[in-house]
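Okay, query21.txt is below, compact mmCIF, C-alpha atoms:
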# COMPACT_ATOMS: atom_id res chain seq x y z
CA MET X 1 52.25 4.15 -23.09
CA LYS X 2 52.55 6.52 -20.13
CA LYS X 3 50.60 9.20 -22.03
CA PHE X 4 47.94 6.63 -22.91
CA LYS X 5 47.59 5.55 -19.27
CA LYS X 6 47.40 9.19 -18.23
CA LEU X 7 44.65 9.79 -20.79
CA ILE X 8 42.71 6.77 -19.48
CA ALA X 9 43.07 8.08 -15.92
CA ILE X 10 41.75 11.48 -16.97
CA LEU X 11 38.78 9.92 -18.78
CA MET X 12 37.98 7.71 -15.77
CA ALA X 13 38.13 10.71 -13.47
CA ALA X 14 35.80 12.60 -15.78
CA LEU X 15 33.33 9.71 -15.76
CA ILE X 16 33.41 9.62 -11.97
CA VAL X 17 32.73 13.35 -11.82
CA LEU X 18 29.82 12.96 -14.23
CA SER X 19 28.43 10.09 -12.17
CA LEU X 20 28.68 12.12 -8.97
CA SER X 21 27.03 15.05 -10.70
CA SER X 22 24.11 12.82 -11.73
CA CYS X 23 23.68 11.68 -8.12
CA ASP X 24 23.84 15.29 -6.95
CA LEU X 25 21.00 16.18 -9.31
CA ILE X 26 18.85 13.74 -7.33
CA GLU X 27 20.28 14.57 -3.93
CA ASP X 28 19.90 18.33 -4.38
CA ALA X 29 16.42 18.20 -5.90
CA PRO X 30 14.37 21.22 -4.77
CA LEU X 31 11.38 20.52 -2.55
CA THR X 32 7.94 21.33 -3.96
CA PRO X 33 5.29 21.47 -1.19
CA ALA X 34 2.55 19.04 -2.17
CA LEU X 35 -0.13 19.51 0.46
CA SER X 36 -2.01 22.25 -1.35
CA GLY X 37 -1.93 20.40 -4.67
CA VAL X 38 0.72 20.09 -7.38
CA GLU X 39 1.03 18.67 -10.86
CA ALA X 40 1.81 14.95 -11.03
CA GLY X 41 5.16 15.81 -12.63
CA ASP X 42 6.13 17.66 -9.44
CA ILE X 43 5.46 14.72 -7.11
CA ARG X 44 8.56 12.92 -5.84
CA ILE X 45 7.93 10.01 -3.47
CA GLY X 46 10.41 8.69 -0.92
CA ILE X 47 9.67 5.00 -0.29
CA LEU X 48 10.69 3.03 2.79
CA TYR X 49 10.93 -0.71 2.12
CA ALA X 50 11.60 -3.14 4.99
CA ASP X 51 12.65 -6.00 2.73
CA ASP X 52 14.19 -6.21 -0.74
CA TYR X 53 11.86 -4.77 -3.37
CA GLU X 54 13.88 -6.53 -6.08
CA ARG X 55 13.13 -9.99 -4.67
CA GLU X 56 10.00 -11.28 -6.38
CA ASP X 57 8.67 -13.17 -3.35
CA SER X 58 8.88 -10.13 -1.05
CA GLU X 59 6.04 -7.89 0.09
CA SER X 60 8.05 -4.89 -1.08
CA PHE X 61 8.19 -6.28 -4.61
CA ILE X 62 4.38 -6.38 -4.71
CA GLN X 63 4.18 -2.76 -3.55
CA HIS X 64 6.82 -1.68 -6.04
CA GLN X 65 4.90 -3.25 -8.92
CA ALA X 66 1.79 -1.33 -7.89
CA ILE X 67 3.75 1.91 -7.58
CA ASP X 68 5.16 1.36 -11.06
CA THR X 69 1.59 1.04 -12.35
CA MET X 70 0.72 4.37 -10.77
CA TRP X 71 3.90 5.96 -12.11
CA GLY X 72 3.08 4.76 -15.62
CA THR X 73 -0.41 6.20 -15.30
CA TYR X 74 0.48 9.64 -13.99
CA GLY X 75 4.14 10.26 -14.83
CA ILE X 76 5.23 11.49 -11.41
CA ALA X 77 8.66 13.11 -11.07
CA GLY X 78 10.17 9.98 -9.58
CA THR X 79 10.75 7.83 -6.53
CA ILE X 80 13.63 7.75 -4.06
CA ILE X 81 13.93 4.21 -2.75
CA LYS X 82 15.22 3.34 0.70
CA ASN X 83 15.58 -0.41 0.41
CA LYS X 84 15.84 -2.93 3.27
CA VAL X 85 15.43 -0.33 6.01
CA PRO X 86 15.92 -2.20 9.33
CA VAL X 87 12.64 -2.21 11.25
CA ASP X 88 14.44 -2.44 14.61
CA ASN X 89 16.76 0.53 14.12
CA GLU X 90 14.90 3.69 15.11
CA GLN X 91 17.72 6.06 14.20
CA LYS X 92 18.14 4.48 10.77
CA ILE X 93 14.41 4.86 10.09
CA ARG X 94 14.48 8.52 11.09
CA ASP X 95 17.63 9.16 9.06
CA GLN X 96 16.06 7.65 5.95
CA ILE X 97 12.95 9.83 6.28
CA ILE X 98 15.12 12.91 6.70
CA SER X 99 17.20 11.87 3.70
CA CYS X 100 14.07 11.54 1.54
CA VAL X 101 12.92 15.06 2.35
CA LYS X 102 16.02 17.12 3.08
CA GLU X 103 18.45 15.56 0.59
CA SER X 104 16.24 14.21 -2.20
CA GLY X 105 13.44 16.78 -2.22
CA CYS X 106 10.61 14.29 -1.71
CA ASN X 107 7.26 15.90 -1.00
CA VAL X 108 5.60 12.56 -0.27
CA VAL X 109 6.97 9.89 2.07
CA LEU X 110 5.52 6.40 1.70
CA SER X 111 5.97 3.83 4.46
CA THR X 112 5.31 0.23 3.40
CA ASP X 113 5.77 -1.48 6.77
CA GLU X 114 3.83 -1.01 10.01
CA ALA X 115 7.11 -0.75 11.95
CA PHE X 116 7.71 2.64 10.30
CA THR X 117 4.29 4.20 10.98
CA LYS X 118 4.95 5.81 14.35
CA PHE X 119 8.07 7.51 13.00
CA ALA X 120 6.26 8.86 9.95
CA TYR X 121 3.53 10.13 12.29
CA GLU X 122 6.12 11.94 14.40
CA PHE X 123 7.56 13.69 11.35
CA ALA X 124 4.10 14.57 10.05
CA ASN X 125 3.44 16.42 13.30
CA ASN X 126 6.79 18.20 13.23
CA ALA X 127 6.46 21.87 12.22
CA ASP X 128 9.37 21.51 9.76
CA TYR X 129 7.49 18.79 7.82
CA LYS X 130 3.97 20.17 7.70
CA GLU X 131 4.08 20.57 3.91
CA ILE X 132 5.19 16.97 3.39
CA ILE X 133 2.58 14.25 2.86
CA PHE X 134 3.11 11.02 4.81
CA VAL X 135 1.21 7.85 3.90
CA CYS X 136 1.63 4.54 5.72
CA LEU X 137 0.59 0.99 4.88
CA ASP X 138 -0.84 0.06 8.27
CA SER X 139 -3.65 -2.24 9.35
CA THR X 140 -3.60 -1.45 13.08
CA LYS X 141 -5.98 1.53 12.91
CA GLU X 142 -4.09 3.04 15.85
CA PHE X 143 -3.27 6.36 14.18
CA GLU X 144 -5.68 9.20 13.51
CA ASN X 145 -5.24 10.96 10.20
CA THR X 146 -4.06 14.57 10.14
CA ALA X 147 -3.89 17.20 7.42
CA ASN X 148 -0.68 15.69 6.03
CA PHE X 149 -0.79 12.09 7.30
CA HIS X 150 -2.94 9.02 6.81
CA CYS X 151 -2.80 5.24 6.82
CA PHE X 152 -4.13 2.89 4.16
CA TYR X 153 -5.07 -0.79 4.09
CA PRO X 154 -7.66 -2.92 2.29
CA ASP X 155 -10.91 -3.67 4.13
CA TYR X 156 -10.52 -7.43 4.21
CA THR X 157 -13.60 -7.84 6.40
CA GLN X 158 -15.57 -7.49 3.15
CA VAL X 159 -13.47 -10.22 1.55
CA TYR X 160 -14.09 -12.58 4.46
CA LYS X 161 -17.82 -11.98 4.27
CA LEU X 162 -17.76 -12.89 0.58
CA ALA X 163 -15.80 -16.03 1.44
CA GLY X 164 -18.44 -16.95 4.01
CA VAL X 165 -21.14 -16.56 1.39
CA ALA X 166 -19.27 -18.80 -1.06
CA ALA X 167 -18.62 -21.44 1.59
CA ALA X 168 -22.21 -21.55 2.82
CA ALA X 169 -23.66 -21.64 -0.69
CA LYS X 170 -21.67 -24.81 -1.30
CA LEU X 171 -21.84 -26.51 2.10
CA GLY X 172 -25.29 -25.41 3.32
CA ASN X 173 -26.59 -25.70 6.89
CA THR X 174 -23.75 -27.74 8.33
CA ASN X 175 -20.44 -27.19 10.12
CA ILE X 176 -18.33 -24.81 8.04
CA PRO X 177 -14.66 -24.65 9.05
CA LEU X 178 -12.49 -21.56 9.32
CA THR X 179 -9.50 -20.95 11.56
CA GLU X 180 -8.80 -17.21 11.73
CA GLU X 181 -6.91 -15.30 14.44
CA ASN X 182 -8.29 -11.91 13.44
CA ASP X 183 -11.61 -11.57 15.27
CA GLU X 184 -13.03 -9.03 12.81
CA TYR X 185 -12.30 -11.28 9.85
CA ALA X 186 -13.73 -14.33 11.62
CA ALA X 187 -16.92 -12.40 12.48
CA ALA X 188 -17.27 -11.20 8.88
CA PHE X 189 -16.91 -14.77 7.57
CA ALA X 190 -19.60 -15.95 10.02
CA GLU X 191 -21.86 -13.09 8.90
CA GLY X 192 -21.51 -14.19 5.29
CA VAL X 193 -22.28 -17.79 6.24
CA LYS X 194 -25.42 -16.81 8.12
CA GLU X 195 -26.77 -14.80 5.19
CA VAL X 196 -26.89 -17.97 3.10
CA ALA X 197 -27.22 -20.76 5.68
CA PRO X 198 -28.77 -19.45 8.93
CA LYS X 199 -28.44 -22.79 10.70
CA ALA X 200 -24.80 -23.38 9.78
CA LYS X 201 -22.10 -23.32 12.44
CA VAL X 202 -18.58 -22.01 11.90
CA ILE X 203 -15.96 -24.29 13.44
CA ASP X 204 -12.15 -24.50 13.36
CA GLY X 205 -10.46 -26.35 10.58
CA ALA X 206 -9.83 -24.42 7.34
CA LYS X 207 -8.20 -21.31 5.92
CA ILE X 208 -9.82 -18.71 3.70
CA GLU X 209 -7.53 -19.90 0.87
CA ASP X 210 -9.41 -23.20 0.97
CA TYR X 211 -12.47 -21.34 -0.31
CA GLY X 212 -10.90 -18.91 -2.73
CA THR X 213 -8.35 -16.21 -3.48
CA ILE X 214 -8.01 -12.81 -1.88
CA VAL X 215 -7.34 -10.26 -4.61
CA THR X 216 -5.58 -7.02 -3.63
CA ASN X 217 -5.15 -4.25 -6.18
CA TRP X 218 -2.66 -1.99 -4.39
CA HIS X 219 -2.39 0.31 -7.41
CA VAL X 220 -6.00 1.42 -6.78
CA TYR X 221 -4.84 3.19 -3.64
CA TYR X 222 -1.73 4.70 -5.21
CA ILE X 223 -3.67 6.09 -8.16
CA THR X 224 -6.31 7.51 -5.82
CA LEU X 225 -3.55 9.09 -3.75
CA ILE X 226 -2.01 10.90 -6.73
CA GLU X 227 -5.44 12.06 -7.92
CA ASN X 228 -6.19 13.62 -4.53
CA ILE X 229 -2.77 15.25 -4.23
CA THR X 230 -3.05 16.89 -7.66
CA LEU X 231 -6.51 18.18 -6.73
CA GLY X 232 -5.28 19.52 -3.40
CA GLN X 233 -7.66 17.18 -1.58
CA PHE X 234 -5.28 14.96 0.36
CA SER X 235 -6.30 16.45 3.71
CA GLU X 236 -9.91 15.44 3.05
CA MET X 237 -9.08 11.79 2.27
CA GLY X 238 -8.78 10.56 5.84
CA ASN X 239 -7.43 7.10 6.59
CA TYR X 240 -8.03 4.97 3.49
CA TYR X 241 -9.54 1.67 4.59
CA ALA X 242 -11.49 0.86 1.44
CA GLY X 243 -12.66 -2.46 0.06
CA VAL X 244 -14.53 -3.99 -2.86
CA GLU X 245 -16.47 -0.79 -3.49
CA THR X 246 -13.29 0.79 -4.91
CA GLY X 247 -11.73 -2.34 -6.37
CA PHE X 248 -9.02 -2.21 -3.72
CA CYS X 249 -9.69 -5.83 -2.79
CA ASP X 250 -12.07 -8.66 -3.69
CA PHE X 251 -12.63 -12.40 -3.34
CA VAL X 252 -12.70 -15.01 -6.09
CA ALA X 253 -14.13 -18.39 -5.11
CA ASN X 254 -12.19 -21.55 -5.92
CA GLU X 255 -13.67 -23.70 -8.66
CA ASP X 256 -15.04 -26.18 -6.10
CA TYR X 257 -16.94 -23.36 -4.38
CA VAL X 258 -18.42 -21.63 -7.41
CA THR X 259 -22.20 -22.05 -7.34
CA GLU X 260 -24.93 -20.11 -9.08
CA ASP X 261 -26.53 -19.14 -5.77
CA GLY X 262 -23.19 -18.18 -4.26
CA GLU X 263 -22.14 -15.98 -7.18
CA ALA X 264 -25.50 -14.21 -7.15
CA LYS X 265 -25.34 -13.63 -3.42
CA MET X 266 -21.75 -12.35 -3.60
CA SER X 267 -22.85 -9.90 -6.28
CA ASP X 268 -25.56 -8.65 -3.93
CA VAL X 269 -23.03 -8.19 -1.12
CA ARG X 270 -20.65 -6.29 -3.41
CA LEU X 271 -23.52 -4.07 -4.54
CA SER X 272 -24.44 -3.32 -0.94
CA TYR X 273 -20.88 -2.12 -0.27
CA CYS X 274 -20.94 0.07 -3.38
CA GLU X 275 -24.27 1.60 -2.41
CA ALA X 276 -22.99 2.35 1.09
CA LYS X 277 -19.91 4.13 -0.30
Take the structure in the file and give it back as C-alpha cells.
Amino acid sequence: MKKFKKLIAILMAALIVLSLSSCDLIEDAPLTPALSGVEAGDIRIGILYADDYEREDSESFIQHQAIDTMWGTYGIAGTIIKNKVPVDNEQKIRDQIISCVKESGCNVVLSTDEAFTKFAYEFANNADYKEIIFVCLDSTKEFENTANFHCFYPDYTQVYKLAGVAAAAKLGNTNIPLTEENDEYAAAFAEGVKEVAPKAKVIDGAKIEDYGTIVTNWHVYYITLIENITLGQFSEMGNYYAGVETGFCDFVANEDYVTEDGEAKMSDVRLSYCEAK
C-alpha cells in the first residue's frame, strides 16, 4: 500500500510539473513585433476585460464573442485574457498590460473599457513598447492616434439619423419624442426627422429603442484590424470611428415603424454614407 501511495504521489507530481510546463509555454512566449506586419498566425492579443467575459449579460461577453469570430476567420496565434481587471486600480491595470507583453509575448494589447485607455496610451508612447500595437474601445474621442495606438467605436450618429428617418416617416409633421443625453446623437436624430418631416418638432419622451434596434457588429472592427496588421498598414488606419458604411453598426426599425417611405429613405441615407467613405 505504501508503494502504491508513493507511486500515486510521483504521478501527481509529474502531472503538476506538466501543467506548470504548459503554463510556461504561454508565459515565456517570444514576442513578435507586429507593427510592420506579420502573419495572422504570429498575432497574439492580450485582452483587458473590466467585467466577466464568461457572464452572458456582460459587455465583455459580447466583445469576446466578436473576437472569437475574428479568431475563427484568421487563425491568430491566440489571446491572453486578463479578466475582471479593476477599473479603479491603476497599478493593477499597468501590471496586466506589462504581463501581456513581457510575460505572455503579446504583440497586440486590446483594451475593452474606457477606463483603461489612458494607460494603454502611456505604454504606446513608451520607447520600450513602440513595436506593440495598442487598440482601445473608447467613445470619448479624447486620444489622438499614433503609429502604434488607436481607438475604435461605432459611429452611432448615423444610427440615430436612421432612427429619426423611421420615426418621421411614421409620425409625420408632428411632435416626435426622443430623450437622449448625448447631444451629437440627439442632433443626428433631429436631422433624420427633418429630412422626412421638415415641420416636425423633436420633444422629450421616448428612447431610440422605441423606434427600433441598434445593431453593432463588433467583429467587423476586429477583422479589419487583423487585415491591416497583416498588411503592415496599422499605422495608416487612424482612429476607427466607422458606421453603416462598413457594416460596423446599423439600425433596424421596429415593426410599428416600418413604412415603405421610411425604408426607402433609410436606404438613401445608408447609400450617402457609403459614397462618402
Exercise for the section: Skip segment 77-83 of chain X itself and residues of its chain fewer than 2 positions away, then list as an MDAnalysis selection string all residues within 6 Å of it, counting only C-alpha atoms. Expected result: chainID X and resid 41:49 85
Residues from last step as file, C-alpha atoms, as a short mmCIF file (atom, residue, chain, number, x, y, z; two decimals), in the frame of the given file:
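Written out: out_6.cif:
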data_model
loop_
_atom_site.label_atom_id
_atom_site.label_comp_id
_atom_site.auth_asym_id
_atom_site.auth_seq_id
_atom_site.Cartn_x
_atom_site.Cartn_y
_atom_site.Cartn_z
CA GLY X 41 5.16 15.81 -12.63
CA ASP X 42 6.13 17.66 -9.44
CA ILE X 43 5.46 14.72 -7.11
CA ARG X 44 8.56 12.92 -5.84
CA ILE X 45 7.93 10.01 -3.47
CA GLY X 46 10.41 8.69 -0.92
CA ILE X 47 9.67 5.00 -0.29
CA LEU X 48 10.69 3.03 2.79
CA TYR X 49 10.93 -0.71 2.12
CA VAL X 85 15.43 -0.33 6.01
#
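Atom CA of Asp155 of chain X lies 24.6 Å from atom CA of Glu56 of chain X.
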Handout entry: Two-atom distance - atom CA of Ala242 of chain X, atom CA of Lys277 of chain X (Å)
Key = 9.2 Å
Do you know which residues are at most 10 Å from Ser60 of chain X counting all atoms listed in the file, after dropping those on the same chain fewer than 4 positions away, and could you put them as an mmCIF file with C-alpha atoms, keeping the file's coordinate frame?
data_model
loop_
_atom_site.group_PDB
_atom_site.id
_atom_site.type_symbol
_atom_site.label_atom_id
_atom_site.label_comp_id
_atom_site.auth_asym_id
_atom_site.auth_seq_id
_atom_site.Cartn_x
_atom_site.Cartn_y
_atom_site.Cartn_z
ATOM 1 C CA LEU X 48 10.690 3.030 2.790
ATOM 2 C CA TYR X 49 10.930 -0.710 2.120
ATOM 3 C CA ALA X 50 11.600 -3.140 4.990
ATOM 4 C CA ASP X 51 12.650 -6.000 2.730
ATOM 5 C CA ASP X 52 14.190 -6.210 -0.740
ATOM 6 C CA TYR X 53 11.860 -4.770 -3.370
ATOM 7 C CA GLU X 54 13.880 -6.530 -6.080
ATOM 8 C CA ARG X 55 13.130 -9.990 -4.670
ATOM 9 C CA GLU X 56 10.000 -11.280 -6.380
ATOM 10 C CA HIS X 64 6.820 -1.680 -6.040
ATOM 11 C CA GLN X 65 4.900 -3.250 -8.920
ATOM 12 C CA ALA X 66 1.790 -1.330 -7.890
ATOM 13 C CA ASN X 83 15.580 -0.410 0.410
ATOM 14 C CA LYS X 84 15.840 -2.930 3.270
ATOM 15 C CA THR X 112 5.310 0.230 3.400
ATOM 16 C CA ASP X 113 5.770 -1.480 6.770
#
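Of the listed residues X:Ser267, X:Gln158, X:Ser58, X:Thr32, the one whose atoms come nearest to Gly105 of chain X is X:Thr32, with distances taken using only C-alpha atoms.
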Handout entry: Residue with smallest distance to Thr117 of chain X - pool X:Val87, X:Ala166, X:Tyr129, X:Ala206, counting all atoms listed in the file
Key =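 Of X:Val87, X:Ala166, X:Tyr129, X:Ala206, the one nearest Thr117 of chain X is X:Val87, counting all atoms listed in the file.
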Practice task
Could you jot down the atom CA of Asn175 of chain X to atom CA of Phe251 of chain X separation for me, Å, one decimal place?
Solution key: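 Here the two named atoms are 21.5 Å from each other.
Among the candidates X:Leu137, X:Ala168, X:Ile226, X:Ala253, the residue lying nearest to Pro198 of chain X is X:Ala168 (atoms considered: all atoms listed in the file).
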Handout entry: Residue nearest Phe143 of chain X among X:Gly205, X:Gly238, X:Gly247, X:Gly262 (counting all atoms listed in the file)
Key = X:Gly238
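Shortest atom-to-atom contact with Met70 of chain X among X:Leu231, X:Leu271, X:Val220, X:Met237: X:Val220, counting all atoms listed in the file.
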Residues within 12 Å of Glu180 of chain X, only C-alpha atoms, excluding chain neighbours under 3 positions, as a JSON list (two decimals) with C-alpha atoms, in the frame of the given file:
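Wrote out_30.json, looks like this:
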[["chain", "number", "residue", "atom", "x", "y", "z"],
["X", 157, "THR", "CA", -13.60, -7.84, 6.40],
["X", 160, "TYR", "CA", -14.09, -12.58, 4.46],
["X", 177, "PRO", "CA", -14.66, -24.65, 9.05],
["X", 183, "ASP", "CA", -11.61, -11.57, 15.27],
["X", 184, "GLU", "CA", -13.03, -9.03, 12.81],
["X", 185, "TYR", "CA", -12.30, -11.28, 9.85],
["X", 186, "ALA", "CA", -13.73, -14.33, 11.62],
["X", 187, "ALA", "CA", -16.92, -12.40, 12.48],
["X", 188, "ALA", "CA", -17.27, -11.20, 8.88],
["X", 189, "PHE", "CA", -16.91, -14.77, 7.57],
["X", 190, "ALA", "CA", -19.60, -15.95, 10.02],
["X", 202, "VAL", "CA", -18.58, -22.01, 11.90],
["X", 203, "ILE", "CA", -15.96, -24.29, 13.44],
["X", 204, "ASP", "CA", -12.15, -24.50, 13.36],
["X", 205, "GLY", "CA", -10.46, -26.35, 10.58],
["X", 206, "ALA", "CA", -9.83, -24.42, 7.34],
["X", 207, "LYS", "CA", -8.20, -21.31, 5.92],
["X", 208, "ILE", "CA", -9.82, -18.71, 3.70],
["X", 209, "GLU", "CA", -7.53, -19.90, 0.87]]
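With all atoms listed in the file as the atoms that count, the residue of X:Cys106, X:Ile133, X:Ala169, X:Ala120 with the shortest distance to Ile93 of chain X is X:Ala120.
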Practice task
Compile the contact shell of Tyr221 of chain X as an NGL selection string: residues with an atom at most 9 Å away, counting only C-alpha atoms, same-chain residues fewer than 6 positions apart removed.
Solution key: :X and (152-154 or 240 or 242 or 246 or 248)
Any chance you can output those residues with C-alpha atoms as an mmCIF file, keeping the file's coordinate frame?
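The resulting file, out-v6.cif, is shown below:
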data_model
loop_
_atom_site.group_PDB
_atom_site.id
_atom_site.type_symbol
_atom_site.label_atom_id
_atom_site.label_comp_id
_atom_site.auth_asym_id
_atom_site.auth_seq_id
_atom_site.Cartn_x
_atom_site.Cartn_y
_atom_site.Cartn_z
ATOM 1 C CA PHE X 152 -4.130 2.890 4.160
ATOM 2 C CA TYR X 153 -5.070 -0.790 4.090
ATOM 3 C CA PRO X 154 -7.660 -2.920 2.290
ATOM 4 C CA TYR X 240 -8.030 4.970 3.490
ATOM 5 C CA ALA X 242 -11.490 0.860 1.440
ATOM 6 C CA THR X 246 -13.290 0.790 -4.910
ATOM 7 C CA PHE X 248 -9.020 -2.210 -3.720
#
Which polymer residues have any atom within 12 Å of an atom of Ala276 of chain X, counting only C-alpha atoms, with same-chain residues fewer than 6 positions away left out, as a PDB file with C-alpha atoms, keeping the file's coordinate frame?
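Written file, around_20.pdb:
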ATOM      1  CA  ALA X 242     -11.490   0.860   1.440  1.00  0.00           C
ATOM      2  CA  GLY X 243     -12.660  -2.460   0.060  1.00  0.00           C
ATOM      3  CA  VAL X 244     -14.530  -3.990  -2.860  1.00  0.00           C
ATOM      4  CA  GLU X 245     -16.470  -0.790  -3.490  1.00  0.00           C
ATOM      5  CA  THR X 246     -13.290   0.790  -4.910  1.00  0.00           C
ATOM      6  CA  VAL X 269     -23.030  -8.190  -1.120  1.00  0.00           C
ATOM      7  CA  ARG X 270     -20.650  -6.290  -3.410  1.00  0.00           C
TER       8      ARG X 270
END
Padding of 3 Å on every side, edges along x, y and z, all listed atoms of segment 75-93 of chain X included: what centre and edge lengths in Å, to one decimal, does that box have, as AutoDock Vina command-line options?
--center_x 11.1 --center_y 5.1 --center_z 0.1 --size_x 20.0 --size_y 22.0 --size_z 35.9
What would segment 219-232 of chain X look like with N, CA and C atoms restored, written as a short mmCIF file (atom, residue, chain, number, x, y, z; two decimals), in the coordinates of the input?
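The resulting part_4.cif:
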data_model
loop_
_atom_site.label_atom_id
_atom_site.label_comp_id
_atom_site.auth_asym_id
_atom_site.auth_seq_id
_atom_site.Cartn_x
_atom_site.Cartn_y
_atom_site.Cartn_z
N HIS X 219 -2.50 -0.88 -6.55
CA HIS X 219 -2.39 0.31 -7.41
C HIS X 219 -3.63 1.20 -7.31
N VAL X 220 -4.77 0.61 -6.93
CA VAL X 220 -6.00 1.42 -6.78
C VAL X 220 -5.77 2.52 -5.76
N TYR X 221 -5.13 2.16 -4.64
CA TYR X 221 -4.84 3.19 -3.64
C TYR X 221 -3.86 4.22 -4.17
N TYR X 222 -2.77 3.76 -4.78
CA TYR X 222 -1.73 4.70 -5.21
C TYR X 222 -2.25 5.67 -6.27
N ILE X 223 -3.08 5.20 -7.16
CA ILE X 223 -3.67 6.09 -8.16
C ILE X 223 -4.61 7.09 -7.51
N THR X 224 -5.41 6.62 -6.56
CA THR X 224 -6.31 7.51 -5.82
C THR X 224 -5.53 8.56 -5.05
N LEU X 225 -4.40 8.16 -4.48
CA LEU X 225 -3.55 9.09 -3.75
C LEU X 225 -3.08 10.22 -4.65
N ILE X 226 -2.53 9.88 -5.81
CA ILE X 226 -2.01 10.90 -6.73
C ILE X 226 -3.14 11.82 -7.20
N GLU X 227 -4.30 11.25 -7.49
CA GLU X 227 -5.44 12.06 -7.92
C GLU X 227 -5.78 13.10 -6.86
N ASN X 228 -5.83 12.70 -5.61
CA ASN X 228 -6.19 13.62 -4.53
C ASN X 228 -5.11 14.66 -4.26
N ILE X 229 -3.85 14.26 -4.42
CA ILE X 229 -2.77 15.25 -4.23
C ILE X 229 -2.85 16.32 -5.31
N THR X 230 -3.02 15.91 -6.56
CA THR X 230 -3.05 16.89 -7.66
C THR X 230 -4.26 17.82 -7.54
N LEU X 231 -5.32 17.35 -6.92
CA LEU X 231 -6.51 18.18 -6.73
C LEU X 231 -6.46 19.00 -5.45
N GLY X 232 -5.39 18.82 -4.67
CA GLY X 232 -5.28 19.52 -3.40
C GLY X 232 -6.25 19.01 -2.36
#
